[in-house]
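Participant: Following this line is work_26.cif, made up of mmCIF, C-alpha atoms and all ligand atoms:
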```cif
data_entry
loop_
_atom_site.group_PDB
_atom_site.id
_atom_site.type_symbol
_atom_site.label_atom_id
_atom_site.label_comp_id
_atom_site.auth_asym_id
_atom_site.auth_seq_id
_atom_site.Cartn_x
_atom_site.Cartn_y
_atom_site.Cartn_z
ATOM 1 C CA MET U 1 89.582 96.760 121.775
ATOM 2 C CA THR U 2 90.590 100.389 122.186
ATOM 3 C CA PRO U 3 91.022 101.199 125.876
ATOM 4 C CA ALA U 4 88.811 103.923 127.340
ATOM 5 C CA ASP U 5 89.899 106.859 129.499
ATOM 6 C CA ARG U 6 88.123 105.465 132.530
ATOM 7 C CA ASP U 7 89.929 102.099 132.414
ATOM 8 C CA GLN U 8 92.033 101.156 135.420
ATOM 9 C CA ILE U 9 94.440 98.981 133.450
ATOM 10 C CA VAL U 10 95.487 100.047 129.977
ATOM 11 C CA PHE U 11 97.724 98.210 127.489
ATOM 12 C CA HIS U 12 98.470 100.370 124.489
ATOM 13 C CA GLY U 13 100.337 99.078 121.446
ATOM 14 C CA VAL U 14 102.263 96.519 123.496
ATOM 15 C CA THR U 15 104.632 94.286 121.595
ATOM 16 C CA LYS U 16 106.892 91.591 123.018
ATOM 17 C CA LYS U 17 109.216 89.195 121.238
ATOM 18 C CA PHE U 18 111.332 86.426 122.656
ATOM 19 C CA GLY U 19 113.913 85.978 119.895
ATOM 20 C CA GLU U 20 111.869 85.513 116.719
ATOM 21 C CA ASN U 21 108.782 84.518 118.679
ATOM 22 C CA VAL U 22 106.244 87.385 118.665
ATOM 23 C CA VAL U 23 104.414 86.838 121.941
ATOM 24 C CA LEU U 24 102.368 90.056 122.061
ATOM 25 C CA ASP U 25 101.637 91.803 118.803
ATOM 26 C CA ASP U 26 100.698 95.485 119.073
ATOM 27 C CA LEU U 27 98.207 94.664 121.793
ATOM 28 C CA SER U 28 95.755 97.269 123.120
ATOM 29 C CA PHE U 29 93.010 96.702 125.634
ATOM 30 C CA GLY U 30 91.627 98.137 128.857
ATOM 31 C CA VAL U 31 90.055 96.803 132.031
ATOM 32 C CA ARG U 32 87.715 98.844 134.223
ATOM 33 C CA ALA U 33 88.092 98.989 137.997
ATOM 34 C CA GLY U 34 86.148 96.112 139.526
ATOM 35 C CA GLU U 35 85.777 94.276 136.233
ATOM 36 C CA ARG U 36 86.343 90.499 136.073
ATOM 37 C CA VAL U 37 88.093 89.568 132.865
ATOM 38 C CA THR U 38 89.104 86.071 131.824
ATOM 39 C CA LEU U 39 91.897 85.508 129.310
ATOM 40 C CA ILE U 40 91.617 82.338 127.285
ATOM 41 C CA GLY U 41 93.491 80.971 124.302
ATOM 42 C CA PRO U 42 95.926 78.301 123.224
ATOM 43 C CA SER U 43 99.191 77.651 124.994
ATOM 44 C CA GLY U 44 101.803 80.229 124.063
ATOM 45 C CA SER U 45 99.305 82.914 123.005
ATOM 46 C CA GLY U 46 100.734 85.439 125.505
ATOM 47 C CA LYS U 47 98.264 85.336 128.407
ATOM 48 C CA THR U 48 100.766 84.772 131.206
ATOM 49 C CA THR U 49 103.080 87.380 129.706
ATOM 50 C CA ILE U 50 100.336 89.983 130.165
ATOM 51 C CA LEU U 51 99.970 89.177 133.872
ATOM 52 C CA ARG U 52 103.744 89.134 134.332
ATOM 53 C CA MET U 53 103.995 92.585 132.736
ATOM 54 C CA LEU U 54 101.473 93.931 135.243
ATOM 55 C CA MET U 55 103.778 92.634 137.995
ATOM 56 C CA THR U 56 106.758 94.207 136.110
ATOM 57 C CA LEU U 57 108.315 90.735 135.898
ATOM 58 C CA THR U 58 108.517 90.930 132.083
ATOM 59 C CA GLU U 59 109.227 94.108 130.099
ATOM 60 C CA PRO U 60 107.484 94.965 126.827
ATOM 61 C CA ASP U 61 109.660 95.794 123.799
ATOM 62 C CA SER U 62 107.378 98.700 122.952
ATOM 63 C CA GLY U 63 104.049 100.234 123.929
ATOM 64 C CA THR U 64 102.729 101.485 127.249
ATOM 65 C CA ILE U 65 101.047 99.880 130.232
ATOM 66 C CA THR U 66 99.343 101.984 132.889
ATOM 67 C CA VAL U 67 97.470 101.265 136.100
ATOM 68 C CA ASP U 68 95.329 104.157 137.292
ATOM 69 C CA GLY U 69 97.348 106.324 134.940
ATOM 70 C CA ASN U 70 100.743 105.293 136.373
ATOM 71 C CA HIS U 71 103.192 104.022 133.784
ATOM 72 C CA LEU U 72 104.729 100.697 134.781
ATOM 73 C CA PHE U 73 107.685 101.004 132.405
ATOM 74 C CA HIS U 74 109.788 103.835 131.083
ATOM 75 C CA GLU U 75 112.242 104.169 128.268
ATOM 76 C CA VAL U 76 115.953 104.314 128.821
ATOM 77 C CA ARG U 77 118.533 105.461 126.245
ATOM 78 C CA ASN U 78 118.454 103.080 123.169
ATOM 79 C CA GLY U 79 114.625 102.888 123.561
ATOM 80 C CA THR U 80 114.606 99.863 125.856
ATOM 81 C CA LEU U 81 111.726 99.733 128.324
ATOM 82 C CA VAL U 82 112.518 98.991 131.956
ATOM 83 C CA PRO U 83 110.321 99.019 135.058
ATOM 84 C CA ALA U 84 109.705 102.529 136.359
ATOM 85 C CA GLY U 85 111.584 103.500 139.514
ATOM 86 C CA GLU U 86 110.729 101.742 142.775
ATOM 87 C CA GLN U 87 109.426 104.934 144.318
ATOM 88 C CA HIS U 88 107.054 105.450 141.410
ATOM 89 C CA LEU U 89 105.988 101.789 141.459
ATOM 90 C CA ARG U 90 105.405 101.580 145.195
ATOM 91 C CA ALA U 91 101.824 102.803 144.954
ATOM 92 C CA VAL U 92 101.094 100.375 142.112
ATOM 93 C CA ARG U 93 102.700 97.402 143.861
ATOM 94 C CA ARG U 94 100.360 97.864 146.794
ATOM 95 C CA LYS U 95 97.386 97.616 144.507
ATOM 96 C CA ILE U 96 98.248 94.581 142.408
ATOM 97 C CA THR U 97 98.918 91.044 143.456
ATOM 98 C CA MET U 98 99.233 87.743 141.643
ATOM 99 C CA VAL U 99 98.482 84.130 142.488
ATOM 100 C CA PHE U 100 100.613 81.652 140.556
ATOM 101 C CA GLN U 101 99.983 78.087 139.434
ATOM 102 C CA GLN U 102 102.599 76.794 141.870
ATOM 103 C CA TYR U 103 101.405 78.549 145.085
ATOM 104 C CA ASN U 104 104.901 79.939 145.900
ATOM 105 C CA LEU U 105 104.311 79.984 149.665
ATOM 106 C CA PHE U 106 107.283 80.571 151.962
ATOM 107 C CA PRO U 107 108.084 76.957 152.948
ATOM 108 C CA ASN U 108 109.826 77.842 156.197
ATOM 109 C CA MET U 109 106.934 79.932 157.543
ATOM 110 C CA ARG U 110 103.728 78.715 159.087
ATOM 111 C CA VAL U 111 100.467 79.562 157.349
ATOM 112 C CA LEU U 112 99.650 82.570 159.532
ATOM 113 C CA ARG U 113 103.063 84.141 158.989
ATOM 114 C CA ASN U 114 102.869 83.526 155.235
ATOM 115 C CA ILE U 115 99.806 85.756 155.249
ATOM 116 C CA THR U 116 101.013 88.451 157.667
ATOM 117 C CA GLU U 117 104.402 89.072 155.995
ATOM 118 C CA ALA U 118 103.201 91.435 153.277
ATOM 119 C CA PRO U 119 100.761 93.460 155.415
ATOM 120 C CA VAL U 120 103.496 94.053 157.991
ATOM 121 C CA HIS U 121 106.273 94.835 155.506
ATOM 122 C CA VAL U 122 104.368 96.410 152.619
ATOM 123 C CA LEU U 123 101.467 98.115 154.369
ATOM 124 C CA GLY U 124 103.174 98.730 157.701
ATOM 125 C CA LEU U 125 100.367 97.137 159.737
ATOM 126 C CA SER U 126 101.130 96.113 163.298
ATOM 127 C CA LYS U 127 101.604 92.402 163.916
ATOM 128 C CA ASP U 128 98.270 92.264 165.766
ATOM 129 C CA GLU U 129 96.388 94.018 162.969
ATOM 130 C CA ALA U 130 97.983 91.782 160.358
ATOM 131 C CA GLU U 131 97.139 88.659 162.342
ATOM 132 C CA ALA U 132 93.529 89.722 162.813
ATOM 133 C CA ARG U 133 93.228 90.246 159.067
ATOM 134 C CA ALA U 134 94.953 86.918 158.356
ATOM 135 C CA ARG U 135 92.536 85.059 160.632
ATOM 136 C CA GLU U 136 89.560 86.609 158.818
ATOM 137 C CA LEU U 137 90.999 85.588 155.485
ATOM 138 C CA LEU U 138 91.751 82.066 156.650
ATOM 139 C CA GLU U 139 88.148 81.771 157.700
ATOM 140 C CA MET U 140 87.072 82.995 154.280
ATOM 141 C CA VAL U 141 89.177 80.319 152.541
ATOM 142 C CA GLY U 142 88.049 77.639 155.005
ATOM 143 C CA LEU U 143 91.418 77.056 156.684
ATOM 144 C CA SER U 144 91.028 78.511 160.171
ATOM 145 C CA ASP U 145 92.309 75.262 161.649
ATOM 146 C CA LYS U 146 95.588 75.369 159.677
ATOM 147 C CA LEU U 147 97.153 78.607 160.821
ATOM 148 C CA ASP U 148 100.018 76.854 162.614
ATOM 149 C CA ALA U 149 100.744 74.373 159.820
ATOM 150 C CA TYR U 150 103.726 74.534 157.491
ATOM 151 C CA PRO U 151 102.869 74.577 153.764
ATOM 152 C CA ALA U 152 104.428 71.147 153.171
ATOM 153 C CA HIS U 153 101.803 69.617 155.449
ATOM 154 C CA LEU U 154 98.899 70.967 153.385
ATOM 155 C CA SER U 155 97.324 69.579 150.221
ATOM 156 C CA GLY U 156 97.897 71.468 146.979
ATOM 157 C CA GLY U 157 94.377 72.876 147.160
ATOM 158 C CA GLN U 158 94.905 74.064 150.733
ATOM 159 C CA GLN U 159 98.223 75.674 149.764
ATOM 160 C CA GLN U 160 96.554 77.470 146.916
ATOM 161 C CA ARG U 161 93.806 78.731 149.246
ATOM 162 C CA VAL U 162 96.520 80.065 151.582
ATOM 163 C CA ALA U 163 98.128 81.744 148.563
ATOM 164 C CA ILE U 164 94.799 83.422 147.778
ATOM 165 C CA ALA U 165 94.432 84.571 151.403
ATOM 166 C CA ARG U 166 97.988 85.903 151.258
ATOM 167 C CA ALA U 167 97.272 87.791 148.055
ATOM 168 C CA LEU U 168 94.143 89.366 149.556
ATOM 169 C CA ALA U 169 95.941 90.353 152.752
ATOM 170 C CA ILE U 170 97.258 93.572 151.224
ATOM 171 C CA ARG U 171 93.666 94.500 150.249
ATOM 172 C CA PRO U 172 94.606 94.653 146.577
ATOM 173 C CA GLU U 173 92.613 96.548 143.989
ATOM 174 C CA VAL U 174 93.721 94.143 141.265
ATOM 175 C CA LEU U 175 94.040 90.370 141.607
ATOM 176 C CA LEU U 176 95.872 88.448 138.883
ATOM 177 C CA LEU U 177 95.225 84.712 138.713
ATOM 178 C CA ASP U 178 97.475 82.593 136.527
ATOM 179 C CA GLU U 179 96.072 79.111 135.981
ATOM 180 C CA VAL U 180 95.692 78.730 139.724
ATOM 181 C CA THR U 181 94.016 75.323 139.510
ATOM 182 C CA SER U 182 96.048 73.749 136.709
ATOM 183 C CA ALA U 183 98.274 71.788 139.086
ATOM 184 C CA LEU U 184 95.345 70.398 141.101
ATOM 185 C CA ASP U 185 93.119 67.375 140.687
ATOM 186 C CA PRO U 186 89.451 68.208 140.037
ATOM 187 C CA GLU U 187 88.169 67.967 143.609
ATOM 188 C CA LEU U 188 90.845 70.261 145.038
ATOM 189 C CA ALA U 189 90.506 72.581 142.056
ATOM 190 C CA ALA U 190 86.768 72.881 142.762
ATOM 191 C CA GLU U 191 87.465 73.986 146.344
ATOM 192 C CA VAL U 192 89.843 76.676 145.117
ATOM 193 C CA LEU U 193 87.380 77.882 142.478
ATOM 194 C CA ASP U 194 84.621 78.086 145.098
ATOM 195 C CA VAL U 195 86.856 80.330 147.197
ATOM 196 C CA LEU U 196 87.444 82.541 144.163
ATOM 197 C CA ARG U 197 83.719 82.688 143.446
ATOM 198 C CA ASP U 198 83.334 84.007 147.007
ATOM 199 C CA VAL U 199 86.058 86.569 146.396
ATOM 200 C CA ALA U 200 84.260 87.701 143.249
ATOM 201 C CA ARG U 201 80.929 87.869 145.102
ATOM 202 C CA THR U 202 82.088 89.608 148.271
ATOM 203 C CA THR U 203 84.776 92.043 147.072
ATOM 204 C CA GLU U 204 85.121 94.675 144.378
ATOM 205 C CA VAL U 205 88.621 93.646 143.372
ATOM 206 C CA THR U 206 89.461 93.814 139.672
ATOM 207 C CA MET U 207 90.236 90.278 138.501
ATOM 208 C CA LEU U 208 92.312 89.207 135.522
ATOM 209 C CA CYS U 209 92.164 85.515 135.275
ATOM 210 C CA VAL U 210 94.006 83.080 133.001
ATOM 211 C CA THR U 211 92.193 79.766 133.247
ATOM 212 C CA HIS U 212 90.984 76.694 131.414
ATOM 213 C CA ALA U 213 88.134 76.311 133.935
ATOM 214 C CA MET U 214 85.382 77.419 131.604
ATOM 215 C CA LYS U 215 82.430 76.985 133.959
ATOM 216 C CA PHE U 216 84.208 79.162 136.509
ATOM 217 C CA ALA U 217 85.025 81.729 133.817
ATOM 218 C CA ARG U 218 81.386 81.778 132.789
ATOM 219 C CA ASP U 219 80.255 82.268 136.404
ATOM 220 C CA ILE U 220 82.538 85.095 137.430
ATOM 221 C CA SER U 221 83.527 86.991 134.298
ATOM 222 C CA ASP U 222 82.114 90.214 132.995
ATOM 223 C CA ARG U 223 84.080 89.691 129.803
ATOM 224 C CA VAL U 224 86.178 87.009 128.159
ATOM 225 C CA LEU U 225 89.112 87.798 125.882
ATOM 226 C CA MET U 226 90.227 85.157 123.414
ATOM 227 C CA PHE U 227 93.924 85.348 122.550
ATOM 228 C CA ASN U 228 95.689 83.890 119.586
ATOM 229 C CA GLU U 229 99.289 84.543 118.574
ATOM 230 C CA GLY U 230 99.627 87.589 120.794
ATOM 231 C CA ARG U 231 96.420 89.291 119.697
ATOM 232 C CA ILE U 232 92.892 89.460 121.046
ATOM 233 C CA ILE U 233 90.772 87.897 118.334
ATOM 234 C CA GLU U 234 87.449 87.978 120.189
ATOM 235 C CA SER U 235 86.100 89.845 123.220
ATOM 236 C CA ALA U 236 82.592 89.183 124.499
ATOM 237 C CA LEU U 237 80.309 88.450 127.425
ATOM 238 C CA PRO U 238 80.981 84.913 128.660
ATOM 239 C CA ALA U 239 77.616 83.558 127.519
ATOM 240 C CA GLU U 240 78.159 84.992 124.035
ATOM 241 C CA LEU U 241 81.722 83.830 123.693
ATOM 242 C CA PHE U 242 81.151 80.321 125.009
ATOM 243 C CA ASP U 243 77.764 79.680 123.399
ATOM 244 C CA SER U 244 78.224 81.358 120.043
ATOM 245 C CA PRO U 245 81.867 82.146 119.345
ATOM 246 C CA GLN U 246 82.239 84.230 116.211
ATOM 247 C CA GLN U 247 85.754 83.263 115.206
ATOM 248 C CA GLU U 248 86.588 79.863 113.796
ATOM 249 C CA ARG U 249 89.788 79.840 115.909
ATOM 250 C CA THR U 250 87.753 80.385 119.086
ATOM 251 C CA GLN U 251 85.373 77.573 118.129
ATOM 252 C CA ARG U 252 88.275 75.203 117.569
ATOM 253 C CA PHE U 253 89.899 76.185 120.860
ATOM 254 C CA LEU U 254 86.674 75.652 122.838
ATOM 255 C CA HIS U 255 86.163 72.282 121.153
ATOM 256 C CA SER U 256 89.670 71.223 122.128
ATOM 257 C CA LEU U 257 88.875 72.017 125.778
ATOM 258 C CA ARG U 258 85.651 69.987 125.648
ATOM 259 C CA ASP U 259 87.578 67.072 124.149
ATOM 260 C CA GLU U 260 90.067 67.320 127.037
ATOM 261 C CA ALA U 261 87.256 67.203 129.583
HETATM 262 N N1 LIG B 1 111.456 84.105 129.457
HETATM 263 C C1 LIG B 1 111.107 83.589 128.271
HETATM 264 N N2 LIG B 1 112.046 83.317 127.326
HETATM 265 C C2 LIG B 1 111.710 82.826 126.116
HETATM 266 N N3 LIG B 1 110.442 82.564 125.737
HETATM 267 C C3 LIG B 1 109.472 82.817 126.632
HETATM 268 C C4 LIG B 1 109.743 83.330 127.952
HETATM 269 N N4 LIG B 1 108.571 83.491 128.611
HETATM 270 C C5 LIG B 1 107.603 83.073 127.754
HETATM 271 N N5 LIG B 1 108.137 82.667 126.588
HETATM 272 C C6 LIG B 1 107.387 82.192 125.417
HETATM 273 O O1 LIG B 1 106.407 83.140 125.111
HETATM 274 C C7 LIG B 1 105.245 82.524 124.599
HETATM 275 C C8 LIG B 1 104.022 83.005 125.339
HETATM 276 O O2 LIG B 1 104.091 82.551 126.675
HETATM 277 P P1 LIG B 1 102.906 82.772 127.707
HETATM 278 O O3 LIG B 1 103.302 82.021 128.923
HETATM 279 O O4 LIG B 1 102.595 84.214 127.844
HETATM 280 O O5 LIG B 1 101.700 82.046 126.979
HETATM 281 P P2 LIG B 1 100.333 81.559 127.569
HETATM 282 O O6 LIG B 1 99.299 81.997 126.616
HETATM 283 O O7 LIG B 1 100.193 81.994 128.987
HETATM 284 O O8 LIG B 1 100.494 79.997 127.468
HETATM 285 P P3 LIG B 1 100.246 78.839 128.548
HETATM 286 O O9 LIG B 1 98.773 78.604 128.534
HETATM 287 O O10 LIG B 1 101.037 77.707 127.989
HETATM 288 O O11 LIG B 1 100.807 79.351 129.852
HETATM 289 C C9 LIG B 1 105.485 81.018 124.703
HETATM 290 O O12 LIG B 1 105.870 80.561 123.432
HETATM 291 C C10 LIG B 1 106.627 80.921 125.681
HETATM 292 O O13 LIG B 1 107.414 79.790 125.406
#
```
For this file, produce the structure as structure tokens.
Facilitator:
Amino acid sequence: MTPADRDQIVFHGVTKKFGENVVLDDLSFGVRAGERVTLIGPSGSGKTTILRMLMTLTEPDSGTITVDGNHLFHEVRNGTLVPAGEQHLRAVRRKITMVFQQYNLFPNMRVLRNITEAPVHVLGLSKDEAEARARELLEMVGLSDKLDAYPAHLSGGQQQRVAIARALAIRPEVLLLDEVTSALDPELAAEVLDVLRDVARTTEVTMLCVTHAMKFARDISDRVLMFNEGRIIESALPAELFDSPQQERTQRFLHSLRDEA
């Protein structure tokens, strides 16, 4: 799983403990620009922690994480790692965005404004430019008729589609998706996954996706990484990993998902 020089995202020797709980264990891997990578594995195996580190929401205890060669964390005195300075991170923050399980829309803003906030404040677009972009994105996620609605008046699936439009509004190079359909019933989840299939088909954004939606993972992924206890125990093309997993732990995990379904 050694990262290559050309990789856009590189984790090198990353370890993270919460108390005695080793969440990431000397983890190294890389993701190429434009690659779609799905992270699977049992609950607590460290998948969300990886995405949170890319957003500098969680610090590693040791190791390095780079995006296009920029270090996300640096060491302070006693060896502790903290997020690199804001100035240094600004370029990275414009490239990476995350969609969470719980949508996290601004409840007091209408849909259109939810989407235009970041382009205006992060990218410095004019209000008109940001609105034009937001309307395009709302069309892409099938919600052109909801631009004046408040989030509370939308279904969970519609809110999640707004969250995806909002994430894409900054024209990210990297899109992180953290169990974005886990809170939705199957029909609404399917609508959200269809939107993400479109995103995968029509853009070149790098996607790191934590999901239990295996058919979706099979459709969009270039590679699937199976995590267990903070390590990658198997990395393969989706057809290989799902149809003939090599590790007994992967087989057991995939069986448990089929039993759930
Ligand atoms: N802030 C925190 N404080 C203490 N423990 C934490 C914290 N954040 C995460 N953990 C623990 O770290 C472990 C890994 O969590 P993580 O969310 O990365 O796993 P995951 O593979 O994404 O699992 P899930 O599928 O349940 O989301 C879990 O045992 C979790 O309880």
Participant: So which residues are near ligand LIG 1 (chain B), meaning at most 12 Å away with only C-alpha atoms and all ligand atoms counted, given back as a ChimeraX atom specification?
Facilitator: /U:15-25,39-53,57-60,100-101,177-180,182,209-212,225-232,253
Participant: Report, in Å to a single decimal, how far apart CA of Gly157 (chain U) and CA of Glu129 (chain U) are.
Facilitator: 26.5 Å
Participant: For CA of Ala165 (chain U) and CA of Met140 (chain U), quote the distance in Å rounded to one decimal.
Facilitator: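 Distance reported for this atom pair: 8.1 Å.
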Participant: Going by the chain IDs and residue numbers used in this file, which residues fall under the PyMOL selection byres (((chain U and resi 95) around 8) and not hetatm)? Write them as a compact mmCIF listing (two decimals) with C-alpha atoms, in the frame of the given file.
Facilitator:
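After the write, selection00.txt holds the following:
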```txt
# COMPACT_ATOMS: atom_id res chain seq x y z
CA ALA U 91 101.82 102.80 144.95
CA VAL U 92 101.09 100.38 142.11
CA ARG U 93 102.70 97.40 143.86
CA ARG U 94 100.36 97.86 146.79
CA ILE U 96 98.25 94.58 142.41
CA THR U 97 98.92 91.04 143.46
CA ILE U 170 97.26 93.57 151.22
CA ARG U 171 93.67 94.50 150.25
CA PRO U 172 94.61 94.65 146.58
CA GLU U 173 92.61 96.55 143.99
CA VAL U 174 93.72 94.14 141.26
```
Participant: Pick the closest to Glu191 (chain U) from U:Leu208, U:Ala130, U:Ala84, U:Leu143: which is it, counting only C-alpha atoms?
Facilitator: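 Comparing U:Leu208, U:Ala130, U:Ala84, U:Leu143 against Glu191 (chain U), the winner is U:Leu143.
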Participant: For the file shown, report as a PyMOL selection string the outcome of the PyMOL selection byres (((chain U and resi 134) around 10) and not hetatm) at residue level.
Facilitator: chain U and resi 111-117+119+128-133+135-140+144+147+162+165-166+168-169
Participant: Near region 235-238 of chain U, within 12 Å and counting all atoms listed in the file, which residues show up once chain neighbours fewer than 3 positions away are dropped, as a PyMOL selection string?
Facilitator: chain U and resi 1-2+29-31+35-41+214-228+231-232+241-247+250
Participant: Pull C-alpha atoms from the residues just selected and write them as a PDB file, in the coordinates of the input.
Facilitator:
```pdb
ATOM      1  CA  MET U   1      89.582  96.760 121.775  1.00  0.00           C
ATOM      2  CA  THR U   2      90.590 100.389 122.186  1.00  0.00           C
ATOM      3  CA  PHE U  29      93.010  96.702 125.634  1.00  0.00           C
ATOM      4  CA  GLY U  30      91.627  98.137 128.857  1.00  0.00           C
ATOM      5  CA  VAL U  31      90.055  96.803 132.031  1.00  0.00           C
ATOM      6  CA  GLU U  35      85.777  94.276 136.233  1.00  0.00           C
ATOM      7  CA  ARG U  36      86.343  90.499 136.073  1.00  0.00           C
ATOM      8  CA  VAL U  37      88.093  89.568 132.865  1.00  0.00           C
ATOM      9  CA  THR U  38      89.104  86.071 131.824  1.00  0.00           C
ATOM     10  CA  LEU U  39      91.897  85.508 129.310  1.00  0.00           C
ATOM     11  CA  ILE U  40      91.617  82.338 127.285  1.00  0.00           C
ATOM     12  CA  GLY U  41      93.491  80.971 124.302  1.00  0.00           C
ATOM     13  CA  MET U 214      85.382  77.419 131.604  1.00  0.00           C
ATOM     14  CA  LYS U 215      82.430  76.985 133.959  1.00  0.00           C
ATOM     15  CA  PHE U 216      84.208  79.162 136.509  1.00  0.00           C
ATOM     16  CA  ALA U 217      85.025  81.729 133.817  1.00  0.00           C
ATOM     17  CA  ARG U 218      81.386  81.778 132.789  1.00  0.00           C
ATOM     18  CA  ASP U 219      80.255  82.268 136.404  1.00  0.00           C
ATOM     19  CA  ILE U 220      82.538  85.095 137.430  1.00  0.00           C
ATOM     20  CA  SER U 221      83.527  86.991 134.298  1.00  0.00           C
ATOM     21  CA  ASP U 222      82.114  90.214 132.995  1.00  0.00           C
ATOM     22  CA  ARG U 223      84.080  89.691 129.803  1.00  0.00           C
ATOM     23  CA  VAL U 224      86.178  87.009 128.159  1.00  0.00           C
ATOM     24  CA  LEU U 225      89.112  87.798 125.882  1.00  0.00           C
ATOM     25  CA  MET U 226      90.227  85.157 123.414  1.00  0.00           C
ATOM     26  CA  PHE U 227      93.924  85.348 122.550  1.00  0.00           C
ATOM     27  CA  ASN U 228      95.689  83.890 119.586  1.00  0.00           C
ATOM     28  CA  ARG U 231      96.420  89.291 119.697  1.00  0.00           C
ATOM     29  CA  ILE U 232      92.892  89.460 121.046  1.00  0.00           C
ATOM     30  CA  LEU U 241      81.722  83.830 123.693  1.00  0.00           C
ATOM     31  CA  PHE U 242      81.151  80.321 125.009  1.00  0.00           C
ATOM     32  CA  ASP U 243      77.764  79.680 123.399  1.00  0.00           C
ATOM     33  CA  SER U 244      78.224  81.358 120.043  1.00  0.00           C
ATOM     34  CA  PRO U 245      81.867  82.146 119.345  1.00  0.00           C
ATOM     35  CA  GLN U 246      82.239  84.230 116.211  1.00  0.00           C
ATOM     36  CA  GLN U 247      85.754  83.263 115.206  1.00  0.00           C
ATOM     37  CA  THR U 250      87.753  80.385 119.086  1.00  0.00           C
TER      38      THR U 250
END
```
Participant: So which one's closest to Asp198 (chain U), U:Val99, U:Val122, U:Arg161, U:Ala4? Using all atoms listed in the file, please.
Facilitator: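 Going through U:Val99, U:Val122, U:Arg161, U:Ala4 one by one, the smallest distance to Asp198 (chain U) is for U:Arg161.
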Participant: What is the CA of Asp68 (chain U)-CA of Val199 (chain U) distance in Å, reported with one decimal?
Facilitator: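 These atoms are spaced 21.9 Å apart.
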Participant: Go through U:Val195, U:Gly156, U:Met98, U:Ile164 one by one, measure the shortest atom-to-atom distance of each to Leu176 (chain U) using all atoms listed in the file, and give the residue with the smallest value.
Facilitator: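 Among the listed residues, the smallest separation from Leu176 (chain U) belongs to U:Met98.
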Participant: So that all listed atoms of region 93-108 of chain U fit with 6 Å spare on each side, what axis-aligned box centre and edge lengths in Å, to one decimal, would you give as JSON?
Facilitator:
```
{"center_x": 103.6, "center_y": 87.3, "center_z": 147.8, "size_x": 24.4, "size_y": 33.1, "size_z": 28.8}
```
Participant: Would you mind writing region 135-146 of chain U with N, CA and C atoms, as a PDB file, in the frame of the given file?
Facilitator:
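Result file result.pdb:
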```
ATOM      1  N   ARG U 135      93.524  86.020 160.108  1.00  0.00           N
ATOM      2  CA  ARG U 135      92.536  85.059 160.632  1.00  0.00           C
ATOM      3  C   ARG U 135      91.209  85.173 159.887  1.00  0.00           C
ATOM      4  N   GLU U 136      90.807  86.414 159.594  1.00  0.00           N
ATOM      5  CA  GLU U 136      89.560  86.609 158.818  1.00  0.00           C
ATOM      6  C   GLU U 136      89.670  85.937 157.451  1.00  0.00           C
ATOM      7  N   LEU U 137      90.823  86.135 156.837  1.00  0.00           N
ATOM      8  CA  LEU U 137      90.999  85.588 155.485  1.00  0.00           C
ATOM      9  C   LEU U 137      91.064  84.068 155.518  1.00  0.00           C
ATOM     10  N   LEU U 138      91.696  83.528 156.551  1.00  0.00           N
ATOM     11  CA  LEU U 138      91.751  82.066 156.650  1.00  0.00           C
ATOM     12  C   LEU U 138      90.361  81.489 156.841  1.00  0.00           C
ATOM     13  N   GLU U 139      89.523  82.234 157.559  1.00  0.00           N
ATOM     14  CA  GLU U 139      88.148  81.771 157.700  1.00  0.00           C
ATOM     15  C   GLU U 139      87.452  81.794 156.334  1.00  0.00           C
ATOM     16  N   MET U 140      87.696  82.866 155.606  1.00  0.00           N
ATOM     17  CA  MET U 140      87.072  82.995 154.280  1.00  0.00           C
ATOM     18  C   MET U 140      87.477  81.846 153.346  1.00  0.00           C
ATOM     19  N   VAL U 141      88.735  81.407 153.436  1.00  0.00           N
ATOM     20  CA  VAL U 141      89.177  80.319 152.541  1.00  0.00           C
ATOM     21  C   VAL U 141      89.022  78.942 153.198  1.00  0.00           C
ATOM     22  N   GLY U 142      88.371  78.919 154.364  1.00  0.00           N
ATOM     23  CA  GLY U 142      88.049  77.639 155.005  1.00  0.00           C
ATOM     24  C   GLY U 142      89.228  76.932 155.638  1.00  0.00           C
ATOM     25  N   LEU U 143      90.221  77.694 156.128  1.00  0.00           N
ATOM     26  CA  LEU U 143      91.418  77.056 156.684  1.00  0.00           C
ATOM     27  C   LEU U 143      91.779  77.595 158.073  1.00  0.00           C
ATOM     28  N   SER U 144      90.756  77.958 158.839  1.00  0.00           N
ATOM     29  CA  SER U 144      91.028  78.511 160.171  1.00  0.00           C
ATOM     30  C   SER U 144      91.796  77.543 161.052  1.00  0.00           C
ATOM     31  N   ASP U 145      91.634  76.252 160.793  1.00  0.00           N
ATOM     32  CA  ASP U 145      92.309  75.262 161.649  1.00  0.00           C
ATOM     33  C   ASP U 145      93.748  74.992 161.221  1.00  0.00           C
ATOM     34  N   LYS U 146      94.245  75.680 160.202  1.00  0.00           N
ATOM     35  CA  LYS U 146      95.588  75.369 159.677  1.00  0.00           C
ATOM     36  C   LYS U 146      96.594  76.486 159.910  1.00  0.00           C
TER      37      LYS U 146
END
```
